[in-house]
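K.L.:
Provided herewith: start-v1.pdb, PDB, C-alpha atoms.
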ATOM      1  CA  MET A   1     -36.014 -11.772 -21.527
ATOM      2  CA  ASP A   2     -38.884  -9.224 -21.623
ATOM      3  CA  LYS A   3     -41.703  -9.143 -19.081
ATOM      4  CA  THR A   4     -44.255 -10.733 -21.461
ATOM      5  CA  SER A   5     -42.013 -13.750 -22.107
ATOM      6  CA  GLN A   6     -41.262 -14.002 -18.410
ATOM      7  CA  LEU A   7     -44.966 -13.925 -17.441
ATOM      8  CA  MET A   8     -45.931 -16.452 -20.080
ATOM      9  CA  GLY A   9     -43.019 -18.665 -19.063
ATOM     10  CA  GLN A  10     -44.376 -18.674 -15.511
ATOM     11  CA  ALA A  11     -47.865 -19.483 -16.840
ATOM     12  CA  ALA A  12     -46.498 -22.373 -18.924
ATOM     13  CA  ASP A  13     -44.587 -23.819 -15.953
ATOM     14  CA  ARG A  14     -47.661 -23.565 -13.764
ATOM     15  CA  ALA A  15     -49.853 -25.303 -16.360
ATOM     16  CA  ALA A  16     -47.264 -28.054 -16.948
ATOM     17  CA  THR A  17     -46.959 -28.810 -13.232
ATOM     18  CA  ALA A  18     -50.730 -28.977 -12.831
ATOM     19  CA  PHE A  19     -51.177 -31.289 -15.836
ATOM     20  CA  ALA A  20     -48.358 -33.552 -14.684
ATOM     21  CA  GLU A  21     -50.116 -34.023 -11.342
ATOM     22  CA  MET A  22     -53.484 -34.646 -12.963
ATOM     23  CA  LEU A  23     -52.242 -37.054 -15.629
ATOM     24  CA  ASN A  24     -49.577 -38.664 -13.471
ATOM     25  CA  LEU A  25     -47.187 -38.249 -16.416
ATOM     26  CA  PRO A  26     -44.206 -35.989 -17.075
ATOM     27  CA  VAL A  27     -45.535 -32.860 -18.814
ATOM     28  CA  SER A  28     -43.466 -30.022 -20.264
ATOM     29  CA  ILE A  29     -44.421 -26.839 -22.079
ATOM     30  CA  LYS A  30     -41.484 -25.292 -23.948
ATOM     31  CA  LEU A  31     -42.131 -21.807 -25.343
ATOM     32  CA  SER A  32     -40.430 -21.009 -28.650
ATOM     33  CA  LYS A  33     -42.229 -17.673 -28.990
ATOM     34  CA  ALA A  34     -44.129 -15.462 -26.536
ATOM     35  CA  GLU A  35     -44.657 -11.897 -27.646
ATOM     36  CA  LEU A  36     -47.142  -9.075 -27.690
ATOM     37  CA  VAL A  37     -47.814  -8.240 -31.351
ATOM     38  CA  ASP A  38     -49.115  -4.791 -32.383
ATOM     39  CA  ASP A  39     -49.146  -5.546 -36.106
ATOM     40  CA  LEU A  40     -52.078  -7.946 -36.257
ATOM     41  CA  SER A  41     -51.608  -8.888 -39.902
ATOM     42  CA  ALA A  42     -48.036  -9.958 -39.096
ATOM     43  CA  GLY A  43     -49.296 -11.951 -36.122
ATOM     44  CA  PHE A  44     -52.013 -13.528 -38.239
ATOM     45  CA  ASN A  45     -49.412 -14.512 -40.862
ATOM     46  CA  ILE A  46     -47.281 -16.254 -38.238
ATOM     47  CA  VAL A  47     -50.299 -18.257 -37.081
ATOM     48  CA  ASN A  48     -51.486 -18.855 -40.617
ATOM     49  CA  GLU A  49     -48.145 -20.328 -41.738
ATOM     50  CA  ASN A  50     -49.617 -23.511 -40.387
ATOM     51  CA  ASN A  51     -53.183 -23.402 -41.686
ATOM     52  CA  ASN A  52     -53.686 -27.133 -41.519
ATOM     53  CA  TRP A  53     -55.330 -27.059 -38.127
ATOM     54  CA  GLY A  54     -56.802 -29.991 -36.263
ATOM     55  CA  LYS A  55     -58.854 -28.817 -33.320
ATOM     56  CA  ALA A  56     -58.970 -25.663 -31.246
ATOM     57  CA  VAL A  57     -60.517 -24.450 -28.007
ATOM     58  CA  THR A  58     -61.750 -20.864 -27.744
ATOM     59  CA  LEU A  59     -62.476 -18.858 -24.615
ATOM     60  CA  ASN A  60     -64.028 -15.383 -24.716
ATOM     61  CA  PHE A  61     -63.547 -13.021 -21.816
ATOM     62  CA  ASN A  62     -64.592  -9.515 -20.771
ATOM     63  CA  GLY A  63     -64.368  -7.241 -17.766
ATOM     64  CA  GLY A  64     -61.072  -5.565 -16.814
ATOM     65  CA  ILE A  65     -59.649  -6.644 -20.164
ATOM     66  CA  GLY A  66     -61.702  -8.070 -23.004
ATOM     67  CA  GLY A  67     -60.789 -10.436 -25.780
ATOM     68  CA  LYS A  68     -60.779 -13.925 -27.227
ATOM     69  CA  ALA A  69     -58.291 -16.681 -26.530
ATOM     70  CA  ILE A  70     -57.631 -19.705 -28.692
ATOM     71  CA  PHE A  71     -55.612 -22.892 -28.126
ATOM     72  CA  LEU A  72     -54.722 -24.489 -31.454
ATOM     73  CA  LEU A  73     -53.373 -27.907 -32.304
ATOM     74  CA  PRO A  74     -52.167 -28.635 -35.853
ATOM     75  CA  ALA A  75     -53.881 -31.469 -37.740
ATOM     76  CA  ARG A  76     -52.795 -34.915 -36.485
ATOM     77  CA  HIS A  77     -51.214 -33.395 -33.370
ATOM     78  CA  ASP A  78     -54.620 -33.467 -31.633
ATOM     79  CA  ASN A  79     -54.875 -37.211 -32.288
ATOM     80  CA  ILE A  80     -51.234 -37.833 -31.307
ATOM     81  CA  LEU A  81     -51.855 -36.047 -27.997
ATOM     82  CA  LEU A  82     -55.064 -37.954 -27.237
ATOM     83  CA  SER A  83     -53.557 -41.316 -28.198
ATOM     84  CA  ALA A  84     -50.580 -40.644 -25.938
ATOM     85  CA  LEU A  85     -52.844 -39.693 -23.038
ATOM     86  CA  PHE A  86     -54.966 -42.826 -23.378
ATOM     87  CA  GLU A  87     -51.957 -45.077 -23.884
ATOM     88  CA  GLN A  88     -49.931 -43.722 -20.979
ATOM     89  CA  ASN A  89     -52.668 -43.113 -18.447
ATOM     90  CA  PRO A  90     -54.956 -46.136 -17.913
ATOM     91  CA  ASP A  91     -57.352 -43.991 -15.817
ATOM     92  CA  LEU A  92     -58.337 -42.064 -18.932
ATOM     93  CA  GLU A  93     -59.213 -45.177 -20.936
ATOM     94  CA  SER A  94     -62.631 -45.445 -19.308
ATOM     95  CA  ILE A  95     -63.604 -42.056 -20.709
ATOM     96  CA  GLU A  96     -62.002 -42.410 -24.116
ATOM     97  CA  GLY A  97     -65.373 -41.709 -25.782
ATOM     98  CA  ASP A  98     -65.205 -38.197 -24.378
ATOM     99  CA  SER A  99     -62.036 -37.163 -26.231
ATOM    100  CA  ASN A 100     -63.546 -33.786 -27.183
ATOM    101  CA  GLY A 101     -64.275 -33.176 -23.501
ATOM    102  CA  ILE A 102     -60.670 -33.940 -22.593
ATOM    103  CA  LEU A 103     -59.300 -31.562 -25.255
ATOM    104  CA  THR A 104     -61.743 -28.866 -24.132
ATOM    105  CA  GLU A 105     -60.583 -29.234 -20.518
ATOM    106  CA  ILE A 106     -56.900 -29.102 -21.521
ATOM    107  CA  GLY A 107     -57.482 -26.001 -23.675
ATOM    108  CA  ASN A 108     -59.656 -24.359 -21.023
ATOM    109  CA  VAL A 109     -57.033 -24.818 -18.306
ATOM    110  CA  LEU A 110     -54.170 -23.540 -20.493
ATOM    111  CA  LEU A 111     -56.128 -20.484 -21.648
ATOM    112  CA  ASN A 112     -57.296 -19.717 -18.094
ATOM    113  CA  VAL A 113     -53.712 -19.850 -16.858
ATOM    114  CA  CYS A 114     -52.518 -17.453 -19.608
ATOM    115  CA  VAL A 115     -55.378 -14.928 -19.284
ATOM    116  CA  GLY A 116     -55.442 -15.212 -15.477
ATOM    117  CA  THR A 117     -51.691 -14.611 -15.210
ATOM    118  CA  ILE A 118     -52.063 -11.363 -17.170
ATOM    119  CA  ALA A 119     -55.175 -10.312 -15.202
ATOM    120  CA  ASN A 120     -53.382 -10.928 -11.896
ATOM    121  CA  HIS A 121     -50.348  -8.986 -13.125
ATOM    122  CA  ILE A 122     -52.362  -5.898 -14.116
ATOM    123  CA  GLU A 123     -54.686  -6.340 -11.095
ATOM    124  CA  LYS A 124     -57.900  -6.502 -13.081
ATOM    125  CA  GLN A 125     -60.626  -9.143 -13.097
ATOM    126  CA  VAL A 126     -61.941 -10.839 -16.221
ATOM    127  CA  LEU A 127     -65.146 -12.836 -16.592
ATOM    128  CA  TYR A 128     -65.054 -15.896 -18.823
ATOM    129  CA  GLN A 129     -67.644 -17.336 -21.144
ATOM    130  CA  GLN A 130     -67.983 -21.060 -21.819
ATOM    131  CA  PRO A 131     -64.997 -22.627 -23.630
ATOM    132  CA  GLU A 132     -65.844 -24.047 -27.020
ATOM    133  CA  LEU A 133     -64.186 -26.749 -29.130
ATOM    134  CA  ILE A 134     -64.012 -25.794 -32.805
ATOM    135  CA  GLN A 135     -62.597 -27.165 -36.070
ATOM    136  CA  GLN A 136     -62.189 -25.803 -39.573
ATOM    137  CA  PRO A 137     -63.690 -23.697 -41.088
ATOM    138  CA  ASP A 138     -64.518 -22.074 -37.727
ATOM    139  CA  ILE A 139     -60.806 -21.700 -36.853
ATOM    140  CA  THR A 140     -60.208 -19.554 -39.955
ATOM    141  CA  ARG A 141     -63.383 -17.588 -39.186
ATOM    142  CA  PHE A 142     -62.112 -16.962 -35.658
ATOM    143  CA  PHE A 143     -59.135 -15.088 -37.105
ATOM    144  CA  GLU A 144     -61.061 -13.447 -39.959
ATOM    145  CA  TYR A 145     -63.660 -11.899 -37.659
ATOM    146  CA  GLY A 146     -61.962 -12.039 -34.258
ATOM    147  CA  LEU A 147     -59.128  -9.639 -35.072
ATOM    148  CA  ALA A 148     -61.388  -6.736 -36.105
ATOM    149  CA  GLY A 149     -61.093  -3.805 -33.725
ATOM    150  CA  SER A 150     -58.297  -5.373 -31.722
ATOM    151  CA  PRO A 151     -55.210  -3.247 -31.041
ATOM    152  CA  ASN A 152     -52.893  -6.142 -30.185
ATOM    153  CA  MET A 153     -52.531  -9.863 -29.712
ATOM    154  CA  LEU A 154     -50.402 -12.070 -27.527
ATOM    155  CA  LEU A 155     -48.908 -14.957 -29.416
ATOM    156  CA  MET A 156     -47.362 -18.069 -27.875
ATOM    157  CA  ILE A 157     -45.934 -20.983 -29.804
ATOM    158  CA  SER A 158     -44.964 -23.967 -27.734
ATOM    159  CA  THR A 159     -44.059 -27.624 -27.736
ATOM    160  CA  LEU A 160     -46.242 -29.616 -25.398
ATOM    161  CA  GLY A 161     -44.544 -32.752 -24.110
ATOM    162  CA  VAL A 162     -46.642 -35.478 -22.497
ATOM    163  CA  GLY A 163     -44.703 -38.534 -21.439
ATOM    164  CA  LYS A 164     -42.884 -39.816 -24.516
ATOM    165  CA  ILE A 165     -44.495 -37.599 -27.166
ATOM    166  CA  GLU A 166     -44.287 -33.957 -28.191
ATOM    167  CA  VAL A 167     -46.868 -31.927 -30.108
ATOM    168  CA  ASP A 168     -46.971 -28.326 -31.326
ATOM    169  CA  ALA A 169     -49.457 -26.051 -29.594
ATOM    170  CA  TYR A 170     -50.343 -22.438 -30.358
ATOM    171  CA  ILE A 171     -52.017 -20.047 -27.955
ATOM    172  CA  VAL A 172     -53.280 -16.694 -29.206
ATOM    173  CA  LEU A 173     -54.931 -14.029 -27.072
ATOM    174  CA  VAL A 174     -56.699 -11.401 -29.177
ATOM    175  CA  LEU A 175     -57.098  -8.410 -26.884
ATOM    176  CA  TYR A 176     -59.702  -5.660 -27.320
ATOM    177  CA  ASP A 177     -57.850  -3.310 -24.990
ATOM    178  CA  THR A 178     -54.284  -2.101 -25.373
ATOM    179  CA  LEU A 179     -52.220  -4.170 -23.026
ATOM    180  CA  GLN A 180     -49.141  -2.756 -21.369
ATOM    181  CA  ILE A 181     -47.193  -5.278 -19.372
ATOM    182  CA  LYS A 182     -44.856  -3.426 -17.067
ATOM    183  CA  GLY A 183     -41.756  -5.029 -15.689
TER     184      GLY A 183
ATOM    185  CA  MET B   1     -70.897 -41.814   5.574
ATOM    186  CA  PRO B   2     -70.495 -38.220   4.304
ATOM    187  CA  ASN B   3     -72.249 -37.486   1.046
ATOM    188  CA  ILE B   4     -70.606 -35.292  -1.552
ATOM    189  CA  LEU B   5     -72.249 -33.522  -4.466
ATOM    190  CA  ILE B   6     -69.984 -32.996  -7.513
ATOM    191  CA  VAL B   7     -71.196 -30.048  -9.618
ATOM    192  CA  ASP B   8     -69.588 -29.524 -13.019
ATOM    193  CA  ASP B   9     -71.013 -29.235 -16.538
ATOM    194  CA  SER B  10     -68.079 -31.188 -17.991
ATOM    195  CA  PRO B  11     -68.613 -34.992 -17.888
ATOM    196  CA  PHE B  12     -64.810 -35.360 -18.092
ATOM    197  CA  ALA B  13     -64.289 -33.176 -15.009
ATOM    198  CA  ARG B  14     -67.074 -34.931 -13.027
ATOM    199  CA  ASN B  15     -65.645 -38.307 -13.946
ATOM    200  CA  SER B  16     -62.163 -37.205 -12.975
ATOM    201  CA  ILE B  17     -63.290 -35.900  -9.547
ATOM    202  CA  ARG B  18     -65.405 -39.013  -8.953
ATOM    203  CA  ARG B  19     -62.464 -41.321  -9.714
ATOM    204  CA  SER B  20     -60.252 -39.354  -7.347
ATOM    205  CA  LEU B  21     -62.761 -39.548  -4.493
ATOM    206  CA  GLU B  22     -63.993 -43.126  -5.005
ATOM    207  CA  ALA B  23     -61.216 -44.574  -2.849
ATOM    208  CA  THR B  24     -62.417 -42.558   0.170
ATOM    209  CA  GLY B  25     -65.679 -44.501   0.342
ATOM    210  CA  PHE B  26     -67.713 -41.263   0.538
ATOM    211  CA  GLU B  27     -71.127 -41.326  -1.084
ATOM    212  CA  LEU B  28     -70.861 -39.412  -4.354
ATOM    213  CA  ARG B  29     -73.627 -37.734  -6.335
ATOM    214  CA  GLU B  30     -73.288 -35.617  -9.488
ATOM    215  CA  ALA B  31     -75.043 -32.589 -10.962
ATOM    216  CA  ALA B  32     -74.340 -31.167 -14.424
ATOM    217  CA  SER B  33     -75.591 -27.621 -13.726
ATOM    218  CA  GLY B  34     -76.342 -25.145 -10.973
ATOM    219  CA  ALA B  35     -80.086 -25.742 -11.265
ATOM    220  CA  LEU B  36     -79.634 -29.522 -10.952
ATOM    221  CA  ALA B  37     -77.327 -29.011  -7.965
ATOM    222  CA  ILE B  38     -79.996 -26.989  -6.166
ATOM    223  CA  GLU B  39     -82.572 -29.691  -6.919
ATOM    224  CA  ALA B  40     -80.208 -32.383  -5.573
ATOM    225  CA  ALA B  41     -79.417 -30.334  -2.446
ATOM    226  CA  ARG B  42     -83.135 -29.804  -1.752
ATOM    227  CA  SER B  43     -83.828 -33.545  -1.942
ATOM    228  CA  ARG B  44     -80.916 -34.327   0.398
ATOM    229  CA  THR B  45     -78.486 -31.975   2.089
ATOM    230  CA  PRO B  46     -74.892 -32.719   1.014
ATOM    231  CA  ASP B  47     -72.106 -32.607   3.582
ATOM    232  CA  LEU B  48     -69.804 -31.110   0.975
ATOM    233  CA  VAL B  49     -70.183 -29.718  -2.529
ATOM    234  CA  THR B  50     -67.400 -29.493  -5.120
ATOM    235  CA  LEU B  51     -68.377 -26.703  -7.459
ATOM    236  CA  ASP B  52     -67.143 -25.580 -10.875
ATOM    237  CA  LEU B  53     -67.291 -21.851 -11.616
ATOM    238  CA  LEU B  54     -67.889 -21.661 -15.336
ATOM    239  CA  MET B  55     -71.145 -23.405 -16.208
ATOM    240  CA  PRO B  56     -73.914 -22.631 -18.698
ATOM    241  CA  GLY B  57     -76.989 -21.077 -17.068
ATOM    242  CA  MET B  58     -76.269 -20.328 -13.411
ATOM    243  CA  SER B  59     -72.612 -19.538 -12.787
ATOM    244  CA  GLY B  60     -70.684 -21.212  -9.994
ATOM    245  CA  LEU B  61     -70.885 -18.062  -7.854
ATOM    246  CA  GLU B  62     -74.672 -17.784  -8.345
ATOM    247  CA  THR B  63     -75.028 -21.474  -7.517
ATOM    248  CA  LEU B  64     -72.880 -21.066  -4.404
ATOM    249  CA  LEU B  65     -74.981 -18.159  -3.116
ATOM    250  CA  GLU B  66     -78.212 -20.090  -3.726
ATOM    251  CA  LEU B  67     -76.922 -23.315  -2.175
ATOM    252  CA  ARG B  68     -75.706 -21.412   0.898
ATOM    253  CA  LYS B  69     -79.313 -20.315   1.518
ATOM    254  CA  ILE B  70     -80.631 -23.900   1.324
ATOM    255  CA  CYS B  71     -77.699 -25.694   2.990
ATOM    256  CA  PRO B  72     -75.804 -23.234   5.223
ATOM    257  CA  GLU B  73     -73.962 -25.996   7.109
ATOM    258  CA  THR B  74     -72.567 -27.616   3.969
ATOM    259  CA  LYS B  75     -68.889 -27.181   3.045
ATOM    260  CA  TYR B  76     -68.161 -25.734  -0.400
ATOM    261  CA  VAL B  77     -64.952 -26.501  -2.310
ATOM    262  CA  ILE B  78     -64.524 -24.593  -5.581
ATOM    263  CA  ILE B  79     -62.679 -26.469  -8.331
ATOM    264  CA  SER B  80     -61.969 -24.149 -11.227
ATOM    265  CA  ALA B  81     -59.445 -23.356 -13.958
ATOM    266  CA  ASP B  82     -59.774 -19.668 -13.006
ATOM    267  CA  ILE B  83     -56.554 -18.596 -11.274
ATOM    268  CA  GLN B  84     -57.488 -14.949 -10.628
ATOM    269  CA  THR B  85     -56.775 -13.613  -7.160
ATOM    270  CA  ILE B  86     -59.780 -11.238  -7.249
ATOM    271  CA  THR B  87     -62.161 -14.074  -8.199
ATOM    272  CA  ARG B  88     -60.845 -16.222  -5.373
ATOM    273  CA  GLN B  89     -61.514 -13.401  -2.888
ATOM    274  CA  GLU B  90     -65.029 -12.941  -4.299
ATOM    275  CA  LEU B  91     -65.757 -16.630  -3.728
ATOM    276  CA  ALA B  92     -64.380 -16.568  -0.198
ATOM    277  CA  ASP B  93     -66.643 -13.595   0.501
ATOM    278  CA  GLY B  94     -69.537 -15.597  -0.971
ATOM    279  CA  GLY B  95     -68.975 -18.422   1.500
ATOM    280  CA  ALA B  96     -66.608 -20.853  -0.250
ATOM    281  CA  HIS B  97     -64.483 -22.816   2.223
ATOM    282  CA  ALA B  98     -61.668 -23.879  -0.102
ATOM    283  CA  PHE B  99     -60.454 -23.295  -3.638
ATOM    284  CA  LEU B 100     -58.589 -25.745  -5.878
ATOM    285  CA  ASN B 101     -57.284 -25.040  -9.361
ATOM    286  CA  LYS B 102     -58.006 -27.378 -12.247
ATOM    287  CA  PRO B 103     -56.452 -29.719 -13.066
ATOM    288  CA  VAL B 104     -56.517 -30.863  -9.471
ATOM    289  CA  SER B 105     -54.322 -33.711  -8.265
ATOM    290  CA  ARG B 106     -55.933 -36.666  -6.517
ATOM    291  CA  SER B 107     -53.916 -36.136  -3.323
ATOM    292  CA  ASP B 108     -54.806 -32.425  -3.079
ATOM    293  CA  LEU B 109     -58.481 -33.160  -3.645
ATOM    294  CA  ILE B 110     -58.709 -35.946  -1.046
ATOM    295  CA  GLU B 111     -56.716 -33.911   1.474
ATOM    296  CA  THR B 112     -58.897 -30.797   1.030
ATOM    297  CA  VAL B 113     -62.213 -32.668   1.111
ATOM    298  CA  THR B 114     -61.209 -34.718   4.172
ATOM    299  CA  ARG B 115     -59.971 -31.624   6.018
ATOM    300  CA  GLN B 116     -63.209 -29.744   5.335
ATOM    301  CA  LEU B 117     -65.364 -32.664   6.454
ATOM    302  CA  ASN B 118     -63.309 -33.043   9.635
ATOM    303  CA  THR B 119     -63.705 -29.312  10.309
ATOM    304  CA  SER B 120     -67.501 -29.800  10.097
ATOM    305  CA  LYS B 121     -67.386 -32.589  12.670
ATOM    306  CA  ASN B 122     -65.311 -30.528  15.098
ATOM    307  CA  GLU B 123     -67.518 -27.424  14.868
TER     308      GLU B 123
END
Could I get this file's structure written as structure tokens?
P.N.:
Amino acid sequence: MDKTSQLMGQAADRAATAFAEMLNLPVSIKLSKAELVDDLSAGFNIVNENNNWGKAVTLNFNGGIGGKAIFLLPARHDNILLSALFEQNPDLESIEGDSNGILTEIGNVLLNVCVGTIANHIEKQVLYQQPELIQQPDITRFFEYGLAGSPNMLLMISTLGVGKIEVDAYIVLVLYDTLQIKG
Amino acid sequence: MPNILIVDDSPFARNSIRRSLEATGFELREAASGALAIEAARSRTPDLVTLDLLMPGMSGLETLLELRKICPETKYVIISADIQTITRQELADGGAHAFLNKPVSRSDLIETVTRQLNTSKNE
């Protein structure tokens, strides 16, 4: 296993443990892909194989390393995830009206864990902007305009398990600085 | 009864922290921004503030530095998704007493808040 996969595996475990405690439900994040991609068009094609997106959370960051991060859920998977959360955790029922807020928090935490793990590893500090919940066509625009001038991207494809259900989740970090993760 | 000010721009996060702390019987107030937190602290000094870092307008660090001027005796617990070691050190230097990562578990939150309030009493 290369260092990138190892680091992202640690980030996924950390995020899963934290969510399990918060939701009081078993949570797992299984990574099927975690790699640093130099060929952005190839990376974009992998992401774009599933262009039927539901909702996404974006997080821009600058400082020691700059870039944009996005947490993507395919169409229907966003609703499956929210339904499962409300069904399995009665505490969340009282705030069901704020489903966008819940998705934003989940995306924000996952993206912070991924970016923060890299920043800690390379001993640099990043500053975050406000996370934002977006839908189509803004998701396509994110990739159309967000990749310009970027030398590489970090791509993670995972299965997010919450209690009895599993949904697909994509995390992409578009980096404006060349990232070298040393083992 | 200690009074706690929950500062976070996310209604979901405020709600989540409130629900975790309700069982303690502490008096809970909420502020959705740094500016509103300062206003609330001026009207009544909180014993403890839980503070998010990433908020529109004043950041959590700016809010912390401002609140420390108004309420120097208050305890400050940062609750943030930011896991960076350097950021954590910056906040400790700015006067934060404790740091919890989002999503925070109910037991960790109650334990940290109670410990900080007890430290205040013993000082």
K.L.:
Applying the PyMOL selection byres ((chain A and resi 5-13) around 9) to the file I just gave you, which residues come out? Please list them as a list of chain:residue names.
P.N.:
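Applied to this file, the PyMOL selection byres ((chain A and resi 5-13) around 9) selects A:Met1, A:Asp2, A:Lys3, A:Thr4, A:Arg14, A:Ala15, A:Ala16, A:Thr17, A:Ala18, A:Ser28, A:Ile29, A:Lys30, A:Leu31, A:Lys33, A:Ala34, A:Glu35, A:Leu36, A:Leu110, A:Val113, A:Cys114, A:Gly116, A:Thr117, A:Ile118, A:His121, A:Met156.
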K.L.:
Enter the distance from atom CA of B:Asp93 to atom CA of B:Phe26, in Å, rounded to one decimal.
P.N.:
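Interatomic distance here is 27.7 Å.
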K.L.:
Evaluate the ChimeraX specification (/B :<6) & /A and record the selected residues as a ChimeraX atom specification, following the chain and residue labels used in the document.
P.N.:
/A:18,21-22,101,109,112,116,120
K.L.:
Generate a file of the selected residues that holds C-alpha atoms, formatted as a compact mmCIF listing (two decimals), in the frame of the given file.
P.N.:
# COMPACT_ATOMS: atom_id res chain seq x y z
CA ALA A 18 -50.73 -28.98 -12.83
CA GLU A 21 -50.12 -34.02 -11.34
CA MET A 22 -53.48 -34.65 -12.96
CA GLY A 101 -64.28 -33.18 -23.50
CA VAL A 109 -57.03 -24.82 -18.31
CA ASN A 112 -57.30 -19.72 -18.09
CA GLY A 116 -55.44 -15.21 -15.48
CA ASN A 120 -53.38 -10.93 -11.90
K.L.:
Can you list, as a ChimeraX atom specification, the residues that the PyMOL selection byres ((chain B and resi 42-44) around 10) selects here?
P.N.:
/B:3,5,36-41,45-47,67,70-71
K.L.:
For atom CA of A:Thr140 and atom CA of A:Leu72, determine how far apart the two atoms are, in Å to one decimal place.
P.N.:
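For atom CA of A:Thr140 relative to atom CA of A:Leu72, the distance reads 11.3 Å.
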K.L.:
Between atom CA of A:Val162 and atom CA of A:Val57, what is the distance, to one decimal in Å?
P.N.:
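Going from atom CA of A:Val162 over to atom CA of A:Val57, I get 18.6 Å.
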K.L.:
Point out the residue among A:Gln135, A:Asn108, A:Ile65, A:Leu40 with the least atom-to-atom distance to A:Asp78, counting only C-alpha atoms.
P.N.:
A:Gln135
K.L.:
Taking (-51.7, -39.9, -20.7) in the file's coordinates as the center, which residues reach within 8 Å of it, counting only C-alpha atoms, put as a ChimeraX atom specification?
P.N.:
/A:23-25,82-90,92,162-163
K.L.:
May I have the residues from that selection written out with C-alpha atoms, as an mmCIF file, in the frame of the given file?
P.N.:
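Result file out_38.cif:
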data_model
loop_
_atom_site.group_PDB
_atom_site.id
_atom_site.type_symbol
_atom_site.label_atom_id
_atom_site.label_comp_id
_atom_site.auth_asym_id
_atom_site.auth_seq_id
_atom_site.Cartn_x
_atom_site.Cartn_y
_atom_site.Cartn_z
ATOM 1 C CA LEU A 23 -52.242 -37.054 -15.629
ATOM 2 C CA ASN A 24 -49.577 -38.664 -13.471
ATOM 3 C CA LEU A 25 -47.187 -38.249 -16.416
ATOM 4 C CA LEU A 82 -55.064 -37.954 -27.237
ATOM 5 C CA SER A 83 -53.557 -41.316 -28.198
ATOM 6 C CA ALA A 84 -50.580 -40.644 -25.938
ATOM 7 C CA LEU A 85 -52.844 -39.693 -23.038
ATOM 8 C CA PHE A 86 -54.966 -42.826 -23.378
ATOM 9 C CA GLU A 87 -51.957 -45.077 -23.884
ATOM 10 C CA GLN A 88 -49.931 -43.722 -20.979
ATOM 11 C CA ASN A 89 -52.668 -43.113 -18.447
ATOM 12 C CA PRO A 90 -54.956 -46.136 -17.913
ATOM 13 C CA LEU A 92 -58.337 -42.064 -18.932
ATOM 14 C CA VAL A 162 -46.642 -35.478 -22.497
ATOM 15 C CA GLY A 163 -44.703 -38.534 -21.439
#
